[in-house]
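File shown: start_28.cif (mmCIF, N, CA and C atoms).
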```cif
data_final
#
loop_
_atom_site.label_atom_id
_atom_site.label_comp_id
_atom_site.auth_asym_id
_atom_site.auth_seq_id
_atom_site.Cartn_x
_atom_site.Cartn_y
_atom_site.Cartn_z
N MET A 1 -10.27 -63.62 46.74
CA MET A 1 -10.17 -62.20 46.98
C MET A 1 -8.77 -61.72 46.64
N ALA A 2 -8.69 -60.51 46.14
CA ALA A 2 -7.40 -59.88 45.88
C ALA A 2 -6.91 -59.22 47.17
N GLU A 3 -5.62 -58.95 47.23
CA GLU A 3 -5.02 -58.40 48.44
C GLU A 3 -4.00 -57.34 48.07
N VAL A 4 -3.96 -56.29 48.88
CA VAL A 4 -2.91 -55.28 48.79
C VAL A 4 -2.37 -55.09 50.21
N VAL A 5 -1.05 -55.16 50.36
CA VAL A 5 -0.42 -54.99 51.66
C VAL A 5 0.70 -53.96 51.53
N GLU A 6 0.70 -52.99 52.42
CA GLU A 6 1.77 -51.99 52.50
C GLU A 6 2.11 -51.79 53.97
N TRP A 7 3.31 -51.28 54.24
CA TRP A 7 3.72 -51.03 55.61
C TRP A 7 4.65 -49.82 55.65
N VAL A 8 4.82 -49.30 56.87
CA VAL A 8 5.72 -48.17 57.09
C VAL A 8 6.29 -48.29 58.51
N ALA A 9 7.54 -47.85 58.67
CA ALA A 9 8.15 -47.76 59.99
C ALA A 9 7.93 -46.34 60.51
N VAL A 10 7.50 -46.23 61.77
CA VAL A 10 7.15 -44.94 62.35
C VAL A 10 7.89 -44.75 63.66
N ALA A 11 8.44 -43.57 63.86
CA ALA A 11 9.13 -43.24 65.11
C ALA A 11 8.11 -42.73 66.13
N ALA A 12 7.22 -43.62 66.54
CA ALA A 12 6.20 -43.30 67.55
C ALA A 12 5.83 -44.60 68.27
N ARG A 13 5.31 -44.45 69.46
CA ARG A 13 4.90 -45.62 70.24
C ARG A 13 3.68 -46.29 69.61
N PRO A 14 3.56 -47.61 69.75
CA PRO A 14 2.41 -48.32 69.20
C PRO A 14 1.06 -47.78 69.68
N ASP A 15 0.98 -47.38 70.97
CA ASP A 15 -0.30 -46.88 71.49
C ASP A 15 -0.74 -45.59 70.82
N VAL A 16 0.22 -44.74 70.42
CA VAL A 16 -0.12 -43.50 69.71
C VAL A 16 -0.72 -43.84 68.35
N LEU A 17 -0.09 -44.78 67.66
CA LEU A 17 -0.58 -45.18 66.33
C LEU A 17 -1.93 -45.87 66.42
N LEU A 18 -2.09 -46.78 67.36
CA LEU A 18 -3.37 -47.46 67.50
C LEU A 18 -4.48 -46.49 67.84
N SER A 19 -4.18 -45.50 68.65
CA SER A 19 -5.17 -44.49 69.00
C SER A 19 -5.64 -43.73 67.76
N LEU A 20 -4.70 -43.34 66.91
CA LEU A 20 -5.05 -42.62 65.68
C LEU A 20 -5.88 -43.49 64.73
N ILE A 21 -5.49 -44.74 64.60
CA ILE A 21 -6.18 -45.64 63.67
C ILE A 21 -7.57 -46.00 64.19
N ARG A 22 -7.67 -46.32 65.47
CA ARG A 22 -8.96 -46.74 66.04
C ARG A 22 -9.99 -45.62 66.08
N ASP A 23 -9.56 -44.41 66.35
CA ASP A 23 -10.50 -43.29 66.51
C ASP A 23 -10.83 -42.69 65.14
N GLN A 24 -12.00 -43.02 64.64
CA GLN A 24 -12.40 -42.58 63.31
C GLN A 24 -12.48 -41.05 63.19
N SER A 25 -12.59 -40.34 64.30
CA SER A 25 -12.63 -38.88 64.23
C SER A 25 -11.28 -38.28 63.80
N HIS A 26 -10.22 -39.11 63.82
CA HIS A 26 -8.89 -38.66 63.36
C HIS A 26 -8.60 -39.07 61.93
N ARG A 27 -9.45 -39.86 61.32
CA ARG A 27 -9.14 -40.44 60.01
C ARG A 27 -8.88 -39.39 58.93
N HIS A 28 -9.56 -38.27 59.00
CA HIS A 28 -9.37 -37.23 57.98
C HIS A 28 -7.92 -36.76 57.91
N ARG A 29 -7.16 -36.94 58.97
CA ARG A 29 -5.77 -36.48 59.02
C ARG A 29 -4.83 -37.29 58.13
N PHE A 30 -5.23 -38.52 57.79
CA PHE A 30 -4.30 -39.33 57.00
C PHE A 30 -4.93 -40.04 55.81
N LEU A 31 -6.08 -39.57 55.36
CA LEU A 31 -6.65 -40.14 54.14
C LEU A 31 -5.85 -39.70 52.92
N PRO A 32 -5.80 -40.51 51.89
CA PRO A 32 -5.07 -40.14 50.68
C PRO A 32 -5.86 -39.13 49.84
N ASP A 33 -5.19 -38.56 48.86
CA ASP A 33 -5.85 -37.63 47.94
C ASP A 33 -7.07 -38.29 47.31
N GLY A 34 -8.13 -37.53 47.18
CA GLY A 34 -9.34 -38.05 46.56
C GLY A 34 -10.28 -38.77 47.51
N TRP A 35 -9.88 -38.96 48.75
CA TRP A 35 -10.73 -39.60 49.77
C TRP A 35 -11.10 -38.53 50.79
N ARG A 36 -12.26 -38.67 51.40
CA ARG A 36 -12.63 -37.75 52.48
C ARG A 36 -13.69 -38.38 53.38
N VAL A 37 -13.68 -37.94 54.63
CA VAL A 37 -14.72 -38.37 55.56
C VAL A 37 -15.93 -37.49 55.31
N LEU A 38 -17.06 -38.11 55.02
CA LEU A 38 -18.29 -37.36 54.80
C LEU A 38 -18.97 -37.05 56.13
N ARG A 39 -19.00 -38.06 57.01
CA ARG A 39 -19.58 -37.84 58.34
C ARG A 39 -19.33 -39.05 59.23
N LEU A 40 -19.30 -38.78 60.52
CA LEU A 40 -19.22 -39.84 61.52
C LEU A 40 -20.65 -40.25 61.84
N LEU A 41 -20.92 -41.55 61.85
CA LEU A 41 -22.30 -42.04 61.96
C LEU A 41 -22.69 -42.51 63.36
N THR A 42 -21.73 -42.61 64.25
CA THR A 42 -22.01 -43.07 65.61
C THR A 42 -21.39 -42.10 66.61
N GLU A 43 -21.94 -42.09 67.83
CA GLU A 43 -21.39 -41.21 68.86
C GLU A 43 -20.01 -41.66 69.31
N GLU A 44 -19.82 -42.97 69.40
CA GLU A 44 -18.52 -43.53 69.74
C GLU A 44 -17.72 -43.68 68.46
N HIS A 45 -16.45 -43.33 68.50
CA HIS A 45 -15.63 -43.34 67.29
C HIS A 45 -14.48 -44.34 67.33
N ALA A 46 -14.36 -45.11 68.42
CA ALA A 46 -13.20 -45.99 68.55
C ALA A 46 -13.56 -47.34 69.17
N THR A 47 -14.78 -47.81 68.93
CA THR A 47 -15.21 -49.08 69.48
C THR A 47 -15.77 -49.96 68.36
N ILE A 48 -15.89 -51.24 68.62
CA ILE A 48 -16.50 -52.13 67.64
C ILE A 48 -17.90 -51.62 67.35
N GLY A 49 -18.22 -51.50 66.07
CA GLY A 49 -19.51 -50.97 65.65
C GLY A 49 -19.47 -49.49 65.28
N SER A 50 -18.39 -48.78 65.65
CA SER A 50 -18.27 -47.38 65.25
C SER A 50 -18.26 -47.30 63.73
N ARG A 51 -18.98 -46.32 63.19
CA ARG A 51 -19.11 -46.21 61.74
C ARG A 51 -18.87 -44.78 61.28
N MET A 52 -18.33 -44.68 60.08
CA MET A 52 -18.18 -43.39 59.41
C MET A 52 -18.50 -43.60 57.93
N GLU A 53 -18.93 -42.52 57.30
CA GLU A 53 -19.15 -42.57 55.86
C GLU A 53 -18.00 -41.84 55.20
N ILE A 54 -17.35 -42.51 54.28
CA ILE A 54 -16.23 -41.90 53.57
C ILE A 54 -16.53 -41.90 52.07
N GLU A 55 -15.88 -40.99 51.40
CA GLU A 55 -15.88 -41.01 49.94
C GLU A 55 -14.51 -41.53 49.55
N ALA A 56 -14.50 -42.64 48.84
CA ALA A 56 -13.23 -43.30 48.55
C ALA A 56 -13.15 -43.67 47.08
N ARG A 57 -11.93 -43.82 46.62
CA ARG A 57 -11.68 -44.19 45.23
C ARG A 57 -11.27 -45.66 45.20
N PHE A 58 -12.21 -46.53 44.80
CA PHE A 58 -11.93 -47.97 44.70
C PHE A 58 -12.04 -48.45 43.27
N GLY A 59 -12.05 -47.59 42.33
CA GLY A 59 -12.20 -47.95 40.92
C GLY A 59 -12.02 -46.68 40.11
N PRO A 60 -12.76 -46.56 39.03
CA PRO A 60 -12.57 -45.40 38.17
C PRO A 60 -13.04 -44.08 38.79
N GLY A 61 -13.92 -44.13 39.76
CA GLY A 61 -14.42 -42.89 40.37
C GLY A 61 -14.51 -43.04 41.87
N THR A 62 -14.97 -42.00 42.53
CA THR A 62 -15.16 -42.07 43.98
C THR A 62 -16.59 -42.49 44.28
N THR A 63 -16.75 -43.19 45.38
CA THR A 63 -18.07 -43.63 45.82
C THR A 63 -18.16 -43.49 47.34
N PRO A 64 -19.35 -43.14 47.83
CA PRO A 64 -19.50 -43.11 49.29
C PRO A 64 -19.61 -44.54 49.83
N ARG A 65 -18.98 -44.77 50.96
CA ARG A 65 -18.99 -46.09 51.60
C ARG A 65 -19.06 -45.91 53.10
N VAL A 66 -19.74 -46.83 53.74
CA VAL A 66 -19.75 -46.86 55.19
C VAL A 66 -18.64 -47.80 55.64
N GLN A 67 -17.78 -47.31 56.52
CA GLN A 67 -16.71 -48.11 57.12
C GLN A 67 -17.04 -48.29 58.59
N GLN A 68 -17.02 -49.52 59.03
CA GLN A 68 -17.34 -49.85 60.42
C GLN A 68 -16.17 -50.59 61.04
N ILE A 69 -15.90 -50.30 62.30
CA ILE A 69 -14.90 -51.09 63.02
C ILE A 69 -15.53 -52.44 63.31
N LEU A 70 -14.95 -53.49 62.75
CA LEU A 70 -15.49 -54.84 62.87
C LEU A 70 -14.83 -55.64 63.98
N GLU A 71 -13.54 -55.37 64.22
CA GLU A 71 -12.81 -56.14 65.23
C GLU A 71 -11.66 -55.29 65.75
N LEU A 72 -11.44 -55.37 67.05
CA LEU A 72 -10.32 -54.67 67.70
C LEU A 72 -9.52 -55.70 68.48
N GLY A 73 -8.22 -55.65 68.34
CA GLY A 73 -7.34 -56.52 69.11
C GLY A 73 -6.30 -55.68 69.81
N GLU A 74 -5.41 -56.35 70.49
CA GLU A 74 -4.35 -55.66 71.22
C GLU A 74 -3.45 -54.87 70.27
N ASP A 75 -3.23 -55.41 69.06
CA ASP A 75 -2.32 -54.74 68.13
C ASP A 75 -2.90 -54.60 66.72
N PHE A 76 -4.23 -54.69 66.60
CA PHE A 76 -4.82 -54.57 65.26
C PHE A 76 -6.23 -54.00 65.30
N VAL A 77 -6.66 -53.50 64.14
CA VAL A 77 -8.01 -53.00 63.92
C VAL A 77 -8.44 -53.54 62.56
N THR A 78 -9.64 -54.12 62.48
CA THR A 78 -10.20 -54.53 61.20
C THR A 78 -11.46 -53.73 60.97
N GLU A 79 -11.56 -53.15 59.78
CA GLU A 79 -12.73 -52.36 59.44
C GLU A 79 -13.15 -52.64 58.01
N GLY A 80 -14.38 -52.33 57.73
CA GLY A 80 -14.92 -52.55 56.40
C GLY A 80 -16.39 -52.20 56.40
N PRO A 81 -17.10 -52.57 55.34
CA PRO A 81 -18.54 -52.30 55.32
C PRO A 81 -19.23 -53.10 56.42
N PRO A 82 -20.39 -52.64 56.90
CA PRO A 82 -21.06 -53.33 58.01
C PRO A 82 -21.24 -54.83 57.81
N GLY A 83 -21.44 -55.31 56.61
CA GLY A 83 -21.56 -56.74 56.38
C GLY A 83 -20.23 -57.46 56.36
N GLY A 84 -19.13 -56.72 56.30
CA GLY A 84 -17.80 -57.31 56.29
C GLY A 84 -17.51 -58.15 55.07
N ASP A 85 -18.15 -57.82 53.94
CA ASP A 85 -18.05 -58.70 52.77
C ASP A 85 -17.01 -58.30 51.74
N ASN A 86 -16.54 -57.06 51.74
CA ASN A 86 -15.61 -56.62 50.70
C ASN A 86 -14.85 -55.39 51.19
N PHE A 87 -13.68 -55.17 50.63
CA PHE A 87 -12.82 -54.06 51.01
C PHE A 87 -12.59 -54.02 52.52
N LEU A 88 -12.13 -55.15 53.05
CA LEU A 88 -11.79 -55.26 54.46
C LEU A 88 -10.36 -54.79 54.67
N THR A 89 -10.18 -53.89 55.61
CA THR A 89 -8.85 -53.37 55.91
C THR A 89 -8.46 -53.79 57.31
N THR A 90 -7.28 -54.39 57.43
CA THR A 90 -6.74 -54.73 58.74
C THR A 90 -5.46 -53.93 58.93
N TRP A 91 -5.43 -53.17 60.01
CA TRP A 91 -4.26 -52.39 60.41
C TRP A 91 -3.57 -53.17 61.52
N ILE A 92 -2.29 -53.46 61.36
CA ILE A 92 -1.52 -54.18 62.37
C ILE A 92 -0.38 -53.27 62.83
N VAL A 93 -0.25 -53.11 64.13
CA VAL A 93 0.73 -52.18 64.71
C VAL A 93 1.62 -52.97 65.67
N GLN A 94 2.94 -52.99 65.40
CA GLN A 94 3.85 -53.75 66.24
C GLN A 94 5.17 -53.01 66.43
N ALA A 95 5.64 -53.01 67.66
CA ALA A 95 6.94 -52.40 67.98
C ALA A 95 8.05 -53.25 67.39
N ARG A 96 9.01 -52.59 66.78
CA ARG A 96 10.20 -53.25 66.22
C ARG A 96 11.41 -52.37 66.53
N GLY A 97 12.14 -52.74 67.56
CA GLY A 97 13.29 -51.93 67.96
C GLY A 97 12.81 -50.56 68.42
N GLU A 98 13.39 -49.52 67.86
CA GLU A 98 13.02 -48.16 68.25
C GLU A 98 11.83 -47.64 67.46
N ASP A 99 11.45 -48.32 66.42
CA ASP A 99 10.32 -47.90 65.59
C ASP A 99 9.10 -48.78 65.85
N THR A 100 8.01 -48.37 65.23
CA THR A 100 6.79 -49.18 65.22
C THR A 100 6.44 -49.43 63.77
N ILE A 101 6.15 -50.67 63.44
CA ILE A 101 5.75 -51.02 62.08
C ILE A 101 4.22 -51.00 62.02
N VAL A 102 3.71 -50.28 61.03
CA VAL A 102 2.26 -50.27 60.77
C VAL A 102 2.07 -50.93 59.41
N GLN A 103 1.26 -51.98 59.40
CA GLN A 103 0.95 -52.67 58.15
C GLN A 103 -0.55 -52.51 57.89
N ALA A 104 -0.89 -52.18 56.66
CA ALA A 104 -2.29 -52.11 56.24
C ALA A 104 -2.51 -53.16 55.15
N GLU A 105 -3.51 -53.99 55.36
CA GLU A 105 -3.83 -55.06 54.41
C GLU A 105 -5.29 -54.89 54.00
N VAL A 106 -5.54 -54.84 52.69
CA VAL A 106 -6.90 -54.71 52.17
C VAL A 106 -7.23 -55.94 51.34
N LEU A 107 -8.34 -56.59 51.67
CA LEU A 107 -8.85 -57.72 50.90
C LEU A 107 -10.09 -57.24 50.16
N PHE A 108 -10.16 -57.54 48.85
CA PHE A 108 -11.28 -57.02 48.07
C PHE A 108 -11.57 -57.88 46.85
N LYS A 109 -12.78 -57.69 46.33
CA LYS A 109 -13.21 -58.23 45.04
C LYS A 109 -13.72 -57.04 44.24
N TYR A 110 -13.31 -56.96 42.95
CA TYR A 110 -13.77 -55.84 42.15
C TYR A 110 -13.64 -56.17 40.67
N GLY A 111 -14.73 -56.53 40.03
CA GLY A 111 -14.76 -56.69 38.58
C GLY A 111 -13.90 -57.80 38.00
N GLY A 112 -13.72 -58.89 38.72
CA GLY A 112 -12.93 -59.99 38.19
C GLY A 112 -11.44 -59.67 38.14
N PHE A 113 -10.69 -60.51 37.45
CA PHE A 113 -9.23 -60.38 37.41
C PHE A 113 -8.79 -59.02 36.89
N LEU A 114 -9.36 -58.57 35.78
CA LEU A 114 -8.93 -57.30 35.18
C LEU A 114 -9.26 -56.12 36.09
N GLY A 115 -10.47 -56.11 36.62
CA GLY A 115 -10.87 -55.03 37.54
C GLY A 115 -9.99 -54.99 38.78
N GLU A 116 -9.69 -56.18 39.31
CA GLU A 116 -8.84 -56.25 40.50
C GLU A 116 -7.42 -55.80 40.19
N PHE A 117 -6.93 -56.11 38.99
CA PHE A 117 -5.59 -55.70 38.60
C PHE A 117 -5.47 -54.18 38.65
N PHE A 118 -6.42 -53.48 38.02
CA PHE A 118 -6.35 -52.01 37.98
C PHE A 118 -6.68 -51.39 39.34
N THR A 119 -7.59 -51.99 40.07
CA THR A 119 -7.94 -51.48 41.40
C THR A 119 -6.75 -51.63 42.34
N ARG A 120 -6.05 -52.76 42.24
CA ARG A 120 -4.88 -53.02 43.10
C ARG A 120 -3.83 -51.93 42.93
N LYS A 121 -3.59 -51.52 41.70
CA LYS A 121 -2.58 -50.49 41.43
C LYS A 121 -2.92 -49.17 42.13
N GLY A 122 -4.16 -48.71 41.97
CA GLY A 122 -4.57 -47.46 42.61
C GLY A 122 -4.64 -47.58 44.12
N LEU A 123 -5.12 -48.72 44.59
CA LEU A 123 -5.24 -48.93 46.01
C LEU A 123 -3.86 -48.98 46.68
N ARG A 124 -2.89 -49.58 46.02
CA ARG A 124 -1.52 -49.61 46.55
C ARG A 124 -0.98 -48.18 46.71
N ARG A 125 -1.19 -47.36 45.69
CA ARG A 125 -0.76 -45.95 45.75
C ARG A 125 -1.44 -45.24 46.92
N ASP A 126 -2.75 -45.44 47.05
CA ASP A 126 -3.50 -44.78 48.12
C ASP A 126 -3.06 -45.26 49.50
N LEU A 127 -2.82 -46.56 49.66
CA LEU A 127 -2.35 -47.08 50.95
C LEU A 127 -0.99 -46.51 51.32
N LYS A 128 -0.09 -46.43 50.35
CA LYS A 128 1.23 -45.86 50.63
C LYS A 128 1.10 -44.41 51.11
N GLN A 129 0.26 -43.65 50.44
CA GLN A 129 0.07 -42.25 50.83
C GLN A 129 -0.58 -42.15 52.21
N MET A 130 -1.56 -43.01 52.46
CA MET A 130 -2.22 -43.01 53.77
C MET A 130 -1.23 -43.33 54.88
N LEU A 131 -0.39 -44.32 54.66
CA LEU A 131 0.60 -44.69 55.68
C LEU A 131 1.63 -43.59 55.89
N GLN A 132 2.05 -42.92 54.84
CA GLN A 132 2.99 -41.81 55.00
C GLN A 132 2.36 -40.66 55.78
N ARG A 133 1.09 -40.40 55.52
CA ARG A 133 0.39 -39.34 56.26
C ARG A 133 0.15 -39.74 57.71
N LEU A 134 -0.15 -41.01 57.95
CA LEU A 134 -0.28 -41.49 59.32
C LEU A 134 1.05 -41.33 60.05
N LYS A 135 2.13 -41.67 59.40
CA LYS A 135 3.47 -41.53 59.97
C LYS A 135 3.74 -40.07 60.36
N ALA A 136 3.47 -39.16 59.44
CA ALA A 136 3.70 -37.73 59.71
C ALA A 136 2.84 -37.24 60.87
N THR A 137 1.59 -37.68 60.90
CA THR A 137 0.68 -37.28 61.97
C THR A 137 1.17 -37.81 63.31
N ALA A 138 1.52 -39.08 63.37
CA ALA A 138 1.97 -39.69 64.63
C ALA A 138 3.29 -39.09 65.11
N GLU A 139 4.22 -38.90 64.19
CA GLU A 139 5.53 -38.36 64.59
C GLU A 139 5.44 -36.91 65.05
N SER A 140 4.46 -36.17 64.57
CA SER A 140 4.30 -34.78 65.02
C SER A 140 3.69 -34.72 66.42
N ARG A 141 3.09 -35.82 66.88
CA ARG A 141 2.47 -35.87 68.21
C ARG A 141 3.46 -36.30 69.28
N THR A 142 4.63 -36.83 68.90
CA THR A 142 5.57 -37.34 69.91
C THR A 142 6.70 -36.37 70.16
#
```

Just dump the structure as structure tokens.
Amino acid sequence: MAEVVEWVAVAARPDVLLSLIRDQSHRHRFLPDGWRVLRLLTEEHATIGSRMEIEARFGPGTTPRVQQILELGEDFVTEGPPGGDNFLTTWIVQARGEDTIVQAEVLFKYGGFLGEFFTRKGLRRDLKQMLQRLKATAESRT
């Protein structure tokens, strides 16, 4: 599997960041350009099994995808398609001094080496934008 990892330092408490990441009803606030939440699919939005349908750019165009919270830990959230087979995203949130570090890691397979090369480039750009928007959202709440 290919991997893309990005991180950002945020001037907000870890619990504020984890709350924003875990609660899928807030996701629209920090999605990158070209992505959007189509609908929330479950009544609960911040528990294992919570699902939302998003339109995301994972290649040359946008495609609808179901994202489900697969695992929740004290300092992380893992989400991906209900089968957990591709485009798995793990968000890790840890206090570091006065800031909190948020790391997003995406594991994926897409069209072999060449497809993954081009997908990685766009995905890295999108993750950076998502993390910057998450930072702005969290810092405006504190």

Tell me, as a JSON list (two decimals) with N, CA and C atoms, keeping the file's coordinate frame, which residues lie within 8 Å of segment 2-12 of chain A, counting only C-alpha atoms; anything in the same chain fewer than 2 positions away does not count.
```
[["chain", "number", "residue", "atom", "x", "y", "z"],
["A", 14, "PRO", "N", 3.56, -47.61, 69.75],
["A", 14, "PRO", "CA", 2.41, -48.32, 69.20],
["A", 14, "PRO", "C", 1.06, -47.78, 69.68],
["A", 16, "VAL", "N", 0.22, -44.74, 70.42],
["A", 16, "VAL", "CA", -0.12, -43.50, 69.71],
["A", 16, "VAL", "C", -0.72, -43.84, 68.35],
["A", 17, "LEU", "N", -0.09, -44.78, 67.66],
["A", 17, "LEU", "CA", -0.58, -45.18, 66.33],
["A", 17, "LEU", "C", -1.93, -45.87, 66.42],
["A", 98, "GLU", "N", 13.39, -49.52, 67.86],
["A", 98, "GLU", "CA", 13.02, -48.16, 68.25],
["A", 98, "GLU", "C", 11.83, -47.64, 67.46],
["A", 99, "ASP", "N", 11.45, -48.32, 66.42],
["A", 99, "ASP", "CA", 10.32, -47.90, 65.59],
["A", 99, "ASP", "C", 9.10, -48.78, 65.85],
["A", 100, "THR", "N", 8.01, -48.37, 65.23],
["A", 100, "THR", "CA", 6.79, -49.18, 65.22],
["A", 100, "THR", "C", 6.44, -49.43, 63.77],
["A", 101, "ILE", "N", 6.15, -50.67, 63.44],
["A", 101, "ILE", "CA", 5.75, -51.02, 62.08],
["A", 101, "ILE", "C", 4.22, -51.00, 62.02],
["A", 102, "VAL", "N", 3.71, -50.28, 61.03],
["A", 102, "VAL", "CA", 2.26, -50.27, 60.77],
["A", 102, "VAL", "C", 2.07, -50.93, 59.41],
["A", 103, "GLN", "N", 1.26, -51.98, 59.40],
["A", 103, "GLN", "CA", 0.95, -52.67, 58.15],
["A", 103, "GLN", "C", -0.55, -52.51, 57.89],
["A", 104, "ALA", "N", -0.89, -52.18, 56.66],
["A", 104, "ALA", "CA", -2.29, -52.11, 56.24],
["A", 104, "ALA", "C", -2.51, -53.16, 55.15],
["A", 105, "GLU", "N", -3.51, -53.99, 55.36],
["A", 105, "GLU", "CA", -3.83, -55.06, 54.41],
["A", 105, "GLU", "C", -5.29, -54.89, 54.00],
["A", 106, "VAL", "N", -5.54, -54.84, 52.69],
["A", 106, "VAL", "CA", -6.90, -54.71, 52.17],
["A", 106, "VAL", "C", -7.23, -55.94, 51.34],
["A", 107, "LEU", "N", -8.34, -56.59, 51.67],
["A", 107, "LEU", "CA", -8.85, -57.72, 50.90],
["A", 107, "LEU", "C", -10.09, -57.24, 50.16],
["A", 108, "PHE", "N", -10.16, -57.54, 48.85],
["A", 108, "PHE", "CA", -11.28, -57.02, 48.07],
["A", 108, "PHE", "C", -11.57, -57.88, 46.85],
["A", 109, "LYS", "N", -12.78, -57.69, 46.33],
["A", 109, "LYS", "CA", -13.21, -58.23, 45.04],
["A", 109, "LYS", "C", -13.72, -57.04, 44.24],
["A", 116, "GLU", "N", -9.69, -56.18, 39.31],
["A", 116, "GLU", "CA", -8.84, -56.25, 40.50],
["A", 116, "GLU", "C", -7.42, -55.80, 40.19],
["A", 120, "ARG", "N", -6.05, -52.76, 42.24],
["A", 120, "ARG", "CA", -4.88, -53.02, 43.10],
["A", 120, "ARG", "C", -3.83, -51.93, 42.93],
["A", 123, "LEU", "N", -5.12, -48.72, 44.59],
["A", 123, "LEU", "CA", -5.24, -48.93, 46.01],
["A", 123, "LEU", "C", -3.86, -48.98, 46.68],
["A", 124, "ARG", "N", -2.89, -49.58, 46.02],
["A", 124, "ARG", "CA", -1.52, -49.61, 46.55],
["A", 124, "ARG", "C", -0.98, -48.18, 46.71],
["A", 127, "LEU", "N", -2.82, -46.56, 49.66],
["A", 127, "LEU", "CA", -2.35, -47.08, 50.95],
["A", 127, "LEU", "C", -0.99, -46.51, 51.32],
["A", 128, "LYS", "N", -0.09, -46.43, 50.35],
["A", 128, "LYS", "CA", 1.23, -45.86, 50.63],
["A", 128, "LYS", "C", 1.10, -44.41, 51.11],
["A", 131, "LEU", "N", -0.39, -44.32, 54.66],
["A", 131, "LEU", "CA", 0.60, -44.69, 55.68],
["A", 131, "LEU", "C", 1.63, -43.59, 55.89],
["A", 132, "GLN", "N", 2.05, -42.92, 54.84],
["A", 132, "GLN", "CA", 2.99, -41.81, 55.00],
["A", 132, "GLN", "C", 2.36, -40.66, 55.78],
["A", 135, "LYS", "N", 2.13, -41.67, 59.40],
["A", 135, "LYS", "CA", 3.47, -41.53, 59.97],
["A", 135, "LYS", "C", 3.74, -40.07, 60.36],
["A", 138, "ALA", "N", 1.52, -39.08, 63.37],
["A", 138, "ALA", "CA", 1.97, -39.69, 64.63],
["A", 138, "ALA", "C", 3.29, -39.09, 65.11],
["A", 139, "GLU", "N", 4.22, -38.90, 64.19],
["A", 139, "GLU", "CA", 5.53, -38.36, 64.59],
["A", 139, "GLU", "C", 5.44, -36.91, 65.05],
["A", 142, "THR", "N", 4.63, -36.83, 68.90],
["A", 142, "THR", "CA", 5.57, -37.34, 69.91],
["A", 142, "THR", "C", 6.70, -36.37, 70.16]]
```

Go through A:Gln67, A:Lys121, A:Asp126, A:Leu134 one by one, measure the shortest atom-to-atom distance of each to Asp33 of chain A using only N, CA and C atoms, and give the residue with the smallest value.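 Between A:Gln67, A:Lys121, A:Asp126, A:Leu134, the residue approaching Asp33 of chain A most closely is A:Asp126.
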
Write out as a PyMOL selection string each polymer residue whose atoms come within 10 Å of Glu71 of chain A, counting only C-alpha atoms; drop sequence neighbours fewer than 5 positions from it. chain A and resi 47-49+76-80+90

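Distances from A:Leu20, A:Val37, A:Met130, A:Leu88 to Ala56 of chain A were compared using only N, CA and C atoms, and the smallest one belongs to A:Val37.
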
Would you compute the distance between atom CA of His26 of chain A and atom CA of Leu38 of chain A? Give it in Å to one decimal. 12.8 Å

Hey, can you check how far atom CA of Ser50 of chain A sits from atom CA of Tyr110 of chain A?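 The value is 25.0 Å.
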
Run DSSP on the backbone and grab whatever in chain A lands in helix (DSSP H, G or I); send it over as a PyMOL selection string. chain A and resi 14-22+24-29+112-141

Atomic separation - atom C of Arg13 of chain A relative to atom C of Val93 of chain A, Å: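 Between atom C of Val93 of chain A and atom C of Arg13 of chain A the gap is 8.0 Å.
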
Strand (DSSP E) positions in chain A, given as a ChimeraX atom specification: /A:2-10,36-40,51-57,62-72,76-80,88-96,99-108

Run the PyMOL selection byres (((chain A and resi 82 and name CA) around 8) and name CA) mentally over the shown coordinates, then write out the matched residues as number ranges by chain, using the chain letters and numbers from the document. A: 66-68, 70, 80-81, 83-84

Using all atoms listed in the file, which residue out of A:Met1, A:Leu41, A:Ile69, A:Ile54 lies closest to Arg22 of chain A? A:Ile69

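With only C-alpha atoms as the atoms that count, the residue of A:Asp85, A:Ile92, A:Gln129, A:Phe117 with the shortest distance to Leu72 of chain A is A:Ile92.
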
Nearest to Pro32 of chain A by atom-to-atom distance, counting all atoms listed in the file, from A:Ala136, A:Arg125, A:Arg141, A:Thr63: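 That would be A:Arg125, the residue with the smallest distance to Pro32 of chain A.
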